[in-house]
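Trainee: Below you'll find protein_19.pdb; it's PDB, C-alpha atoms and all ligand atoms.
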ATOM      1  CA  MET A  15       0.000   0.000   0.000
ATOM      2  CA  SER A  16       1.257   3.485  -0.754
ATOM      3  CA  THR A  17       2.153   5.878   2.028
ATOM      4  CA  VAL A  18       2.056   9.623   2.498
ATOM      5  CA  ARG A  19       4.586  11.514   4.606
ATOM      6  CA  LEU A  20       2.577  13.826   6.854
ATOM      7  CA  PHE A  21       3.090  16.499   9.469
ATOM      8  CA  PHE A  22       0.964  19.012  11.354
ATOM      9  CA  ALA A  23       2.305  22.546  11.539
ATOM     10  CA  LEU A  24       1.585  26.136  12.409
ATOM     11  CA  TRP A  25       1.925  28.242   9.293
ATOM     12  CA  PRO A  26       2.996  31.884   9.718
ATOM     13  CA  SER A  27       1.002  34.691   8.151
ATOM     14  CA  PRO A  28       2.745  36.185   5.095
ATOM     15  CA  PRO A  29       4.080  39.198   7.061
ATOM     16  CA  LEU A  30       5.416  36.933   9.807
ATOM     17  CA  ALA A  31       6.991  34.644   7.209
ATOM     18  CA  ALA A  32       8.628  37.690   5.604
ATOM     19  CA  SER A  33      10.038  38.727   8.987
ATOM     20  CA  LEU A  34      11.345  35.204   9.532
ATOM     21  CA  ALA A  35      13.021  35.359   6.126
ATOM     22  CA  GLY A  36      14.800  38.482   7.402
ATOM     23  CA  TRP A  37      15.975  36.481  10.405
ATOM     24  CA  ALA A  38      17.304  33.845   8.008
ATOM     25  CA  GLN A  39      19.222  36.381   5.923
ATOM     26  CA  GLN A  40      20.787  37.874   9.020
ATOM     27  CA  ALA A  41      21.844  34.477  10.406
ATOM     28  CA  ARG A  42      23.246  33.451   7.043
ATOM     29  CA  LEU A  43      25.922  36.143   7.362
ATOM     30  CA  THR A  44      27.280  34.194  10.353
ATOM     31  CA  CYS A  45      26.332  30.598   9.630
ATOM     32  CA  GLY A  46      26.333  30.264   5.849
ATOM     33  CA  GLY A  47      24.025  27.602   4.473
ATOM     34  CA  ARG A  48      20.897  27.765   2.413
ATOM     35  CA  ALA A  49      17.776  29.724   3.351
ATOM     36  CA  MET A  50      14.425  27.958   3.217
ATOM     37  CA  ARG A  51      11.946  29.496   0.825
ATOM     38  CA  THR A  52       9.746  32.025   2.614
ATOM     39  CA  GLU A  53       6.480  30.323   1.676
ATOM     40  CA  THR A  54       7.662  27.014   3.162
ATOM     41  CA  LEU A  55       8.585  28.335   6.621
ATOM     42  CA  HIS A  56       6.582  26.630   9.384
ATOM     43  CA  LEU A  57       6.632  25.337  12.941
ATOM     44  CA  THR A  58       6.098  21.571  13.110
ATOM     45  CA  LEU A  59       3.636  20.514  15.815
ATOM     46  CA  ALA A  60       3.736  16.804  15.022
ATOM     47  CA  PHE A  61       5.726  14.824  12.494
ATOM     48  CA  LEU A  62       3.801  11.672  11.588
ATOM     49  CA  GLY A  63       6.186  10.276   9.007
ATOM     50  CA  PRO A  64       4.889   7.930   6.331
ATOM     51  CA  VAL A  65       1.322   6.761   6.952
ATOM     52  CA  ASP A  66      -0.866   4.516   4.819
ATOM     53  CA  ALA A  67      -2.780   6.425   2.165
ATOM     54  CA  ALA A  68      -6.114   5.345   3.662
ATOM     55  CA  LEU A  69      -5.158   6.726   7.073
ATOM     56  CA  ALA A  70      -3.887   9.902   5.431
ATOM     57  CA  ASP A  71      -7.333  10.355   3.855
ATOM     58  CA  GLU A  72      -8.999   9.713   7.192
ATOM     59  CA  LEU A  73      -6.816  12.303   8.941
ATOM     60  CA  ALA A  74      -7.408  14.840   6.173
ATOM     61  CA  ALA A  75     -11.163  14.350   6.582
ATOM     62  CA  ALA A  76     -11.012  14.625  10.392
ATOM     63  CA  THR A  77      -8.667  17.635  10.631
ATOM     64  CA  PRO A  78     -11.285  20.326   9.825
ATOM     65  CA  GLU A  79     -13.288  19.075  12.823
ATOM     66  CA  ARG A  80     -10.365  19.621  15.175
ATOM     67  CA  ARG A  81     -10.274  22.823  17.206
ATOM     68  CA  LEU A  82      -6.825  24.077  18.105
ATOM     69  CA  ALA A  83      -6.990  26.143  21.292
ATOM     70  CA  PRO A  84      -5.819  29.579  20.093
ATOM     71  CA  GLY A  85      -2.581  30.708  21.618
ATOM     72  CA  GLN A  86       0.550  32.719  21.256
ATOM     73  CA  THR A  87       4.213  32.015  20.981
ATOM     74  CA  ALA A  88       7.144  34.167  19.922
ATOM     75  CA  MET A  89      10.263  33.851  17.873
ATOM     76  CA  GLU A  90      12.917  35.249  20.142
ATOM     77  CA  ARG A  91      16.148  33.358  19.680
ATOM     78  CA  TYR A  92      18.290  31.499  17.188
ATOM     79  CA  GLY A  93      19.419  27.947  17.751
ATOM     80  CA  VAL A  94      21.379  25.293  15.924
ATOM     81  CA  PHE A  95      20.864  21.560  15.475
ATOM     82  CA  GLY A  96      24.517  20.826  14.851
ATOM     83  CA  ARG A  97      24.254  17.264  13.625
ATOM     84  CA  GLN A  98      21.638  18.216  11.017
ATOM     85  CA  ARG A  99      23.432  21.510  10.246
ATOM     86  CA  ILE A 100      20.215  23.433  10.739
ATOM     87  CA  LEU A 101      19.786  26.946  12.060
ATOM     88  CA  TRP A 102      16.385  27.689  13.520
ATOM     89  CA  ALA A 103      14.301  30.376  15.209
ATOM     90  CA  GLY A 104      12.147  29.627  18.204
ATOM     91  CA  PRO A 105      10.792  30.696  21.559
ATOM     92  CA  ALA A 106      13.215  30.912  24.485
ATOM     93  CA  GLU A 107      10.971  28.499  26.368
ATOM     94  CA  THR A 108       8.124  26.366  25.128
ATOM     95  CA  PRO A 109       4.862  28.155  25.996
ATOM     96  CA  ALA A 110       2.495  25.973  28.031
ATOM     97  CA  GLY A 111      -0.284  26.443  25.480
ATOM     98  CA  LEU A 112       1.897  25.269  22.634
ATOM     99  CA  GLN A 113       3.060  22.251  24.623
ATOM    100  CA  ALA A 114      -0.595  21.463  25.366
ATOM    101  CA  ALA A 115      -1.462  21.767  21.677
ATOM    102  CA  HIS A 116       1.323  19.298  20.870
ATOM    103  CA  ASP A 117       0.260  16.912  23.626
ATOM    104  CA  ASP A 118      -3.452  17.074  22.700
ATOM    105  CA  LEU A 119      -2.617  16.474  19.078
ATOM    106  CA  TRP A 120      -0.581  13.378  19.886
ATOM    107  CA  GLN A 121      -3.265  12.144  22.248
ATOM    108  CA  TRP A 122      -5.699  12.318  19.352
ATOM    109  CA  LEU A 123      -3.244  10.781  16.886
ATOM    110  CA  SER A 124      -2.510   7.874  19.210
ATOM    111  CA  GLY A 125      -6.177   6.913  18.725
ATOM    112  CA  TYR A 126      -5.221   6.223  15.114
ATOM    113  CA  GLY A 127      -2.392   3.956  16.193
ATOM    114  CA  LEU A 128       0.324   6.560  15.671
ATOM    115  CA  ALA A 129       3.099   6.563  18.244
ATOM    116  CA  PRO A 130       4.036   9.855  19.935
ATOM    117  CA  PRO A 131       7.683  10.917  19.717
ATOM    118  CA  THR A 132      10.058   9.825  22.439
ATOM    119  CA  GLN A 133      11.957  13.127  22.188
ATOM    120  CA  PRO A 134      10.682  16.245  23.931
ATOM    121  CA  PHE A 135       8.885  18.851  21.813
ATOM    122  CA  ARG A 136      11.307  21.538  20.639
ATOM    123  CA  PRO A 137       9.249  24.158  18.815
ATOM    124  CA  HIS A 138      11.285  25.793  16.075
ATOM    125  CA  VAL A 139      11.201  27.128  12.548
ATOM    126  CA  THR A 140      14.010  25.833  10.344
ATOM    127  CA  LEU A 141      15.554  28.854   8.622
ATOM    128  CA  LEU A 142      18.844  27.589   7.157
ATOM    129  CA  ARG A 143      20.100  24.185   6.094
ATOM    130  CA  ASN A 144      23.648  22.977   5.472
ATOM    131  CA  ILE A 145      25.114  25.663   7.683
ATOM    132  CA  THR A 146      28.901  25.887   7.596
ATOM    133  CA  HIS A 147      29.318  27.520  11.039
ATOM    134  CA  ALA A 148      27.491  25.840  13.877
ATOM    135  CA  HIS A 149      27.310  28.847  16.199
ATOM    136  CA  PRO A 150      24.205  30.973  15.831
ATOM    137  CA  PRO A 151      24.444  34.748  16.032
ATOM    138  CA  GLU A 152      24.241  35.724  19.698
ATOM    139  CA  GLU A 153      21.816  38.543  19.040
ATOM    140  CA  ALA A 154      18.501  37.748  17.440
ATOM    141  CA  PRO A 155      16.466  40.468  15.731
ATOM    142  CA  ALA A 156      13.498  41.976  17.572
ATOM    143  CA  LEU A 157      11.068  39.416  18.971
ATOM    144  CA  LEU A 158       8.308  38.285  16.615
ATOM    145  CA  PRO A 159       4.980  37.543  18.313
ATOM    146  CA  TRP A 160       3.057  34.686  16.730
ATOM    147  CA  GLN A 161      -0.650  34.278  17.361
ATOM    148  CA  TYR A 162      -2.156  31.068  16.067
ATOM    149  CA  ASP A 163      -5.662  29.678  15.878
ATOM    150  CA  ARG A 164      -5.345  26.757  13.498
ATOM    151  CA  MET A 165      -2.983  24.058  12.332
ATOM    152  CA  VAL A 166      -2.433  22.646   8.897
ATOM    153  CA  LEU A 167      -1.920  19.058   7.816
ATOM    154  CA  VAL A 168       0.834  18.905   5.225
ATOM    155  CA  ALA A 169       2.003  16.145   2.899
ATOM    156  CA  SER A 170       5.736  16.199   2.273
ATOM    157  CA  GLU A 171       6.531  14.811  -1.151
ATOM    158  CA  SER A 172      10.064  13.811  -2.072
ATOM    159  CA  LEU A 173      11.370  15.236  -5.287
ATOM    160  CA  THR A 174      14.890  15.203  -6.609
ATOM    161  CA  GLY A 175      16.600  18.085  -4.872
ATOM    162  CA  GLY A 176      14.312  18.238  -1.849
ATOM    163  CA  SER A 177      10.783  17.991  -0.537
ATOM    164  CA  ARG A 178       7.686  19.786  -1.651
ATOM    165  CA  TYR A 179       4.877  20.496   0.780
ATOM    166  CA  ARG A 180       1.217  20.135  -0.083
ATOM    167  CA  MET A 181      -1.423  21.365   2.354
ATOM    168  CA  VAL A 182      -4.090  18.726   2.636
ATOM    169  CA  ALA A 183      -6.327  20.094   5.413
ATOM    170  CA  GLN A 184      -6.538  22.631   8.188
ATOM    171  CA  SER A 185      -8.282  22.762  11.532
ATOM    172  CA  ARG A 186     -11.227  25.096  11.812
ATOM    173  CA  PRO A 187     -10.682  28.174  13.999
ATOM    174  CA  ARG A 188     -13.073  28.531  16.904
ATOM    175  CA  ASP A 189     -16.163  30.605  16.244
ATOM    176  CA  GLY A 190     -16.189  34.101  17.714
TER
HETATM  177  P1  LIG B   1      13.930  16.940   3.522
HETATM  178  O1  LIG B   1      13.907  15.970   4.668
HETATM  179  O2  LIG B   1      13.591  16.299   2.217
HETATM  180  O3  LIG B   1      15.157  17.760   3.460
HETATM  181  P2  LIG B   1      11.990  18.426   5.069
HETATM  182  O4  LIG B   1      12.808  18.087   6.273
HETATM  183  O5  LIG B   1      11.546  19.813   4.882
HETATM  184  O6  LIG B   1      12.743  17.992   3.735
HETATM  185  P3  LIG B   1      10.316  16.345   6.011
HETATM  186  O7  LIG B   1      11.540  15.554   6.349
HETATM  187  O8  LIG B   1       9.168  15.640   5.377
HETATM  188  O9  LIG B   1      10.677  17.525   5.045
HETATM  189  O10 LIG B   1       9.844  17.048   7.338
HETATM  190  C1  LIG B   1       8.682  17.820   7.417
HETATM  191  C2  LIG B   1       8.722  18.609   8.713
HETATM  192  O11 LIG B   1       8.765  17.719   9.830
HETATM  193  C3  LIG B   1       9.950  19.502   8.860
HETATM  194  O12 LIG B   1       9.583  20.632   9.625
HETATM  195  C4  LIG B   1      10.908  18.647   9.654
HETATM  196  O13 LIG B   1      11.800  19.438  10.418
HETATM  197  C5  LIG B   1       9.960  17.906  10.565
HETATM  198  N1  LIG B   1      10.499  16.593  10.924
HETATM  199  C6  LIG B   1      11.039  15.696  10.073
HETATM  200  N2  LIG B   1      11.421  14.584  10.730
HETATM  201  C7  LIG B   1      11.111  14.770  12.027
HETATM  202  C8  LIG B   1      11.252  13.999  13.211
HETATM  203  N3  LIG B   1      11.773  12.777  13.205
HETATM  204  N4  LIG B   1      10.815  14.545  14.361
HETATM  205  C9  LIG B   1      10.276  15.761  14.400
HETATM  206  N5  LIG B   1      10.111  16.544  13.324
HETATM  207  C10 LIG B   1      10.523  16.069  12.150
HETATM  208 MG    MG B   2      13.549  16.152   6.776
END
What do you get writing this file as structure tokens?
Mentor:
Amino acid sequence: MSTVRLFFALWPSPPLAASLAGWAQQARLTCGGRAMRTETLHLTLAFLGPVDAALADELAAATPERRLAPGQTAMERYGVFGRQRILWAGPAETPAGLQAAHDDLWQWLSGYGLAPPTQPFRPHVTLLRNITHAHPPEEAPALLPWQYDRMVLVASESLTGGSRYRMVAQSRPRDG
């Protein structure tokens, strides 16, 4: 049976994505590497990996019925995942509401037989890949507040030269 590589993410508004692209350009002066395209910037809430196509359809159908509790986070620091040569932006500490959104999501997904990650949730937006200097700039630009009220379900399709994302569903914001 065919599989689909899926993840749930918070997607920044276009102005926030543009600001994050500015963060990437600034960090690139120190770290080198390759900036992610602005329209692909996101914060992963849950990485499901490859799931059977039938389950992917089921999740896509169920996602609009999910309500993500609205909340706020902020991009306030740079960080590096050295082994993966990634530079990222993220909150200084994981906001409780975001952690709860992650935990609730996995609670729901476990009902579909999907196993939650064993690693702690590290909310971040990947800005640069293949960095050549593993130390992030000490100073980050001015804090970027990020209000969210929905999550998107994204299919990640492998192409030669990288992955392409396809939005397959989004949760419905709460009324009022
Ligand atoms: P590529 O792997 O082809 O370079 P990509 O990393 O953008 O592209 P995916 O690997 O499909 O695409 O990942 C989609 C999202 O899920 C990205 O935000 C990625 O950082 C995140 N992700 C991937 N693997 C994991 C994992 N094991 N745990 C947590 N998040 C992950
Ligand atoms: Mg990847």
Trainee: With the file shown as input, list the residues that the PyMOL selection byres (((chain A and resi 74) around 10) and not hetatm) selects, as a PyMOL selection string.
Mentor: chain A and resi 68-73+75-79+166-168+181-185
Trainee: Which one of A:Arg51, A:His149, A:Arg19, A:Arg80 sits closest to ligand MG 2 (chain B) if you count only C-alpha atoms and all ligand atoms?
Mentor: A:Arg19
Trainee: On this structure, the PyMOL selection byres (((not hetatm)) within 10 of (chain B and resi 2)) would catch which residues? List them as a list in words, sorted by chain and number.
Mentor: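 Listing what the PyMOL selection byres (((not hetatm)) within 10 of (chain B and resi 2)) selects in the shown file: Phe61, Gly63, Gln98, Ser170, Ser172, Gly176 and Ser177 of chain A.
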Trainee: Which residues form the shell of 10 Å around ligand LIG 1 (chain B) when you count all atoms listed in the file, given as a PDB file with C-alpha atoms, in the coordinates of the input?
Mentor:
ATOM      1  CA  VAL A  18       2.056   9.623   2.498  1.00  0.00           C
ATOM      2  CA  ARG A  19       4.586  11.514   4.606  1.00  0.00           C
ATOM      3  CA  LEU A  20       2.577  13.826   6.854  1.00  0.00           C
ATOM      4  CA  PHE A  21       3.090  16.499   9.469  1.00  0.00           C
ATOM      5  CA  PHE A  22       0.964  19.012  11.354  1.00  0.00           C
ATOM      6  CA  ALA A  23       2.305  22.546  11.539  1.00  0.00           C
ATOM      7  CA  MET A  50      14.425  27.958   3.217  1.00  0.00           C
ATOM      8  CA  THR A  54       7.662  27.014   3.162  1.00  0.00           C
ATOM      9  CA  LEU A  55       8.585  28.335   6.621  1.00  0.00           C
ATOM     10  CA  HIS A  56       6.582  26.630   9.384  1.00  0.00           C
ATOM     11  CA  LEU A  57       6.632  25.337  12.941  1.00  0.00           C
ATOM     12  CA  THR A  58       6.098  21.571  13.110  1.00  0.00           C
ATOM     13  CA  LEU A  59       3.636  20.514  15.815  1.00  0.00           C
ATOM     14  CA  ALA A  60       3.736  16.804  15.022  1.00  0.00           C
ATOM     15  CA  PHE A  61       5.726  14.824  12.494  1.00  0.00           C
ATOM     16  CA  LEU A  62       3.801  11.672  11.588  1.00  0.00           C
ATOM     17  CA  GLY A  63       6.186  10.276   9.007  1.00  0.00           C
ATOM     18  CA  PRO A  64       4.889   7.930   6.331  1.00  0.00           C
ATOM     19  CA  GLN A  98      21.638  18.216  11.017  1.00  0.00           C
ATOM     20  CA  ILE A 100      20.215  23.433  10.739  1.00  0.00           C
ATOM     21  CA  TRP A 102      16.385  27.689  13.520  1.00  0.00           C
ATOM     22  CA  PRO A 130       4.036   9.855  19.935  1.00  0.00           C
ATOM     23  CA  PRO A 131       7.683  10.917  19.717  1.00  0.00           C
ATOM     24  CA  THR A 132      10.058   9.825  22.439  1.00  0.00           C
ATOM     25  CA  GLN A 133      11.957  13.127  22.188  1.00  0.00           C
ATOM     26  CA  PRO A 134      10.682  16.245  23.931  1.00  0.00           C
ATOM     27  CA  PHE A 135       8.885  18.851  21.813  1.00  0.00           C
ATOM     28  CA  ARG A 136      11.307  21.538  20.639  1.00  0.00           C
ATOM     29  CA  PRO A 137       9.249  24.158  18.815  1.00  0.00           C
ATOM     30  CA  HIS A 138      11.285  25.793  16.075  1.00  0.00           C
ATOM     31  CA  VAL A 139      11.201  27.128  12.548  1.00  0.00           C
ATOM     32  CA  THR A 140      14.010  25.833  10.344  1.00  0.00           C
ATOM     33  CA  ARG A 143      20.100  24.185   6.094  1.00  0.00           C
ATOM     34  CA  VAL A 168       0.834  18.905   5.225  1.00  0.00           C
ATOM     35  CA  ALA A 169       2.003  16.145   2.899  1.00  0.00           C
ATOM     36  CA  SER A 170       5.736  16.199   2.273  1.00  0.00           C
ATOM     37  CA  GLU A 171       6.531  14.811  -1.151  1.00  0.00           C
ATOM     38  CA  SER A 172      10.064  13.811  -2.072  1.00  0.00           C
ATOM     39  CA  LEU A 173      11.370  15.236  -5.287  1.00  0.00           C
ATOM     40  CA  THR A 174      14.890  15.203  -6.609  1.00  0.00           C
ATOM     41  CA  GLY A 175      16.600  18.085  -4.872  1.00  0.00           C
ATOM     42  CA  GLY A 176      14.312  18.238  -1.849  1.00  0.00           C
ATOM     43  CA  SER A 177      10.783  17.991  -0.537  1.00  0.00           C
ATOM     44  CA  ARG A 178       7.686  19.786  -1.651  1.00  0.00           C
ATOM     45  CA  TYR A 179       4.877  20.496   0.780  1.00  0.00           C
TER      46      TYR A 179
END
Trainee: Taking all atoms listed in the file into account, name the residue in A:Met15, A:Met165, A:Arg186, A:Leu101 that is nearest to Leu119 in chain A.
Mentor: A:Met165
Trainee: Calculate how many Å separate CA of Thr87 in chain A from CA of Thr146 in chain A, rounding to one decimal.
Mentor: 28.7 Å
Trainee: Can you spell out as JSON, numbers by chain the set of residues that the PyMOL selection byres (((chain A and resi 188) around 10) and not hetatm) selects in the structure I just provided?
Mentor: {"A": [80, 81, 82, 83, 84, 163, 164, 185, 186, 187, 189, 190]}
Trainee: Rounded to one decimal in Å, what is the spacing between CA of Asp117 in chain A and CA of Leu24 in chain A?
Mentor: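 Interatomic distance here is 14.6 Å.
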Trainee: Within 10 Å of (21.8, 36.2, 19.0) (file coordinates; all atoms listed in the file), which protein or nucleic acid residues are there? I'd like them as a list of chain:residue names.
Mentor: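 These residues have at least one counted atom within 10 Å: A:Ala41, A:Glu90, A:Arg91, A:Tyr92, A:Gly93, A:His149, A:Pro150, A:Pro151, A:Glu152, A:Glu153, A:Ala154, A:Pro155.
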Trainee: Just the selected residues (C-alpha atoms), exported as a short mmCIF file (atom, residue, chain, number, x, y, z; two decimals), in the coordinates of the input, please.
Mentor:
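result.cif, freshly written:
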data_model
loop_
_atom_site.label_atom_id
_atom_site.label_comp_id
_atom_site.auth_asym_id
_atom_site.auth_seq_id
_atom_site.Cartn_x
_atom_site.Cartn_y
_atom_site.Cartn_z
CA ALA A 41 21.84 34.48 10.41
CA GLU A 90 12.92 35.25 20.14
CA ARG A 91 16.15 33.36 19.68
CA TYR A 92 18.29 31.50 17.19
CA GLY A 93 19.42 27.95 17.75
CA HIS A 149 27.31 28.85 16.20
CA PRO A 150 24.20 30.97 15.83
CA PRO A 151 24.44 34.75 16.03
CA GLU A 152 24.24 35.72 19.70
CA GLU A 153 21.82 38.54 19.04
CA ALA A 154 18.50 37.75 17.44
CA PRO A 155 16.47 40.47 15.73
#
Trainee: Box time for range 128-134 of chain A: axis-aligned, enclosing all its listed atoms, 8 Å extra on each side; report centre and edge lengths in Å to one decimal, as AutoDock Vina command-line options.
Mentor:
--center_x 6.1 --center_y 11.4 --center_z 19.8 --size_x 27.6 --size_y 25.7 --size_z 24.3
Trainee: I'd like the neighbourhood of Ser16 in chain A as a PyMOL selection string, where a residue qualifies if any of its atoms comes within 9 Å (using only C-alpha atoms), though same-chain residues fewer than 5 positions away should be ignored.
Mentor: chain A and resi 65-68
Trainee: Could you work out how far CA of Ser27 in chain A lies from CA of Gln40 in chain A, giving the answer in Å with one decimal?
Mentor: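 Separating CA of Gln40 in chain A from CA of Ser27 in chain A is a distance of 20.1 Å.
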Trainee: With distances taken over only C-alpha atoms, which residue among A:Arg42, A:Gln161, A:Pro28, A:Gln86 lies nearest Gly111 in chain A?
Mentor: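 For Gly111 in chain A, the nearest of the given residues is A:Gln86.
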Trainee: Reconstruct range 81-99 of chain A at the level of N, CA, C and O atoms, and format the result as a JSON list (two decimals), in the frame of the given file.
Mentor:
[["chain", "number", "residue", "atom", "x", "y", "z"],
["A", 81, "ARG", "N", -10.39, 21.43, 16.78],
["A", 81, "ARG", "CA", -10.27, 22.82, 17.21],
["A", 81, "ARG", "C", -8.94, 22.96, 17.93],
["A", 81, "ARG", "O", -8.74, 22.31, 18.95],
["A", 82, "LEU", "N", -8.08, 23.79, 17.40],
["A", 82, "LEU", "CA", -6.82, 24.08, 18.10],
["A", 82, "LEU", "C", -7.12, 25.22, 19.08],
["A", 82, "LEU", "O", -7.64, 26.25, 18.66],
["A", 83, "ALA", "N", -6.81, 25.04, 20.35],
["A", 83, "ALA", "CA", -6.99, 26.14, 21.29],
["A", 83, "ALA", "C", -6.09, 27.29, 20.83],
["A", 83, "ALA", "O", -4.88, 27.09, 20.69],
["A", 84, "PRO", "N", -6.66, 28.47, 20.58],
["A", 84, "PRO", "CA", -5.82, 29.58, 20.09],
["A", 84, "PRO", "C", -4.78, 29.94, 21.14],
["A", 84, "PRO", "O", -5.01, 29.80, 22.34],
["A", 85, "GLY", "N", -3.65, 30.39, 20.68],
["A", 85, "GLY", "CA", -2.58, 30.71, 21.62],
["A", 85, "GLY", "C", -1.56, 31.61, 20.99],
["A", 85, "GLY", "O", -1.73, 32.08, 19.86],
["A", 86, "GLN", "N", -0.50, 31.83, 21.73],
["A", 86, "GLN", "CA", 0.55, 32.72, 21.26],
["A", 86, "GLN", "C", 1.91, 32.15, 21.61],
["A", 86, "GLN", "O", 2.11, 31.58, 22.68],
["A", 87, "THR", "N", 2.83, 32.30, 20.69],
["A", 87, "THR", "CA", 4.21, 32.02, 20.98],
["A", 87, "THR", "C", 5.02, 33.20, 20.44],
["A", 87, "THR", "O", 4.44, 34.23, 20.07],
["A", 88, "ALA", "N", 6.32, 33.08, 20.45],
["A", 88, "ALA", "CA", 7.14, 34.17, 19.92],
["A", 88, "ALA", "C", 8.44, 33.58, 19.40],
["A", 88, "ALA", "O", 8.96, 32.61, 19.94],
["A", 89, "MET", "N", 8.93, 34.17, 18.35],
["A", 89, "MET", "CA", 10.26, 33.85, 17.87],
["A", 89, "MET", "C", 11.20, 34.84, 18.55],
["A", 89, "MET", "O", 11.07, 36.06, 18.36],
["A", 90, "GLU", "N", 12.07, 34.33, 19.38],
["A", 90, "GLU", "CA", 12.92, 35.25, 20.14],
["A", 90, "GLU", "C", 14.38, 34.87, 20.19],
["A", 90, "GLU", "O", 15.19, 35.63, 20.72],
["A", 91, "ARG", "N", 14.73, 33.73, 19.66],
["A", 91, "ARG", "CA", 16.15, 33.36, 19.68],
["A", 91, "ARG", "C", 16.48, 32.49, 18.47],
["A", 91, "ARG", "O", 15.61, 31.89, 17.85],
["A", 92, "TYR", "N", 17.78, 32.45, 18.16],
["A", 92, "TYR", "CA", 18.29, 31.50, 17.19],
["A", 92, "TYR", "C", 18.79, 30.26, 17.93],
["A", 92, "TYR", "O", 19.19, 30.34, 19.10],
["A", 93, "GLY", "N", 18.79, 29.15, 17.23],
["A", 93, "GLY", "CA", 19.42, 27.95, 17.75],
["A", 93, "GLY", "C", 19.94, 27.12, 16.59],
["A", 93, "GLY", "O", 19.62, 27.38, 15.43],
["A", 94, "VAL", "N", 20.77, 26.15, 16.93],
["A", 94, "VAL", "CA", 21.38, 25.29, 15.92],
["A", 94, "VAL", "C", 21.14, 23.84, 16.30],
["A", 94, "VAL", "O", 21.23, 23.49, 17.48],
["A", 95, "PHE", "N", 20.77, 23.01, 15.32],
["A", 95, "PHE", "CA", 20.86, 21.56, 15.48],
["A", 95, "PHE", "C", 22.12, 21.16, 14.71],
["A", 95, "PHE", "O", 22.12, 21.10, 13.48],
["A", 96, "GLY", "N", 23.20, 20.96, 15.47],
["A", 96, "GLY", "CA", 24.52, 20.83, 14.85],
["A", 96, "GLY", "C", 24.64, 19.62, 13.94],
["A", 96, "GLY", "O", 25.21, 19.71, 12.85],
["A", 97, "ARG", "N", 24.10, 18.48, 14.40],
["A", 97, "ARG", "CA", 24.25, 17.26, 13.62],
["A", 97, "ARG", "C", 23.56, 17.40, 12.27],
["A", 97, "ARG", "O", 24.08, 16.97, 11.24],
["A", 98, "GLN", "N", 22.39, 18.05, 12.28],
["A", 98, "GLN", "CA", 21.64, 18.22, 11.02],
["A", 98, "GLN", "C", 22.06, 19.47, 10.25],
["A", 98, "GLN", "O", 21.53, 19.72, 9.18],
["A", 99, "ARG", "N", 22.96, 20.26, 10.86],
["A", 99, "ARG", "CA", 23.43, 21.51, 10.25],
["A", 99, "ARG", "C", 22.27, 22.44, 9.89],
["A", 99, "ARG", "O", 22.18, 22.98, 8.81]]
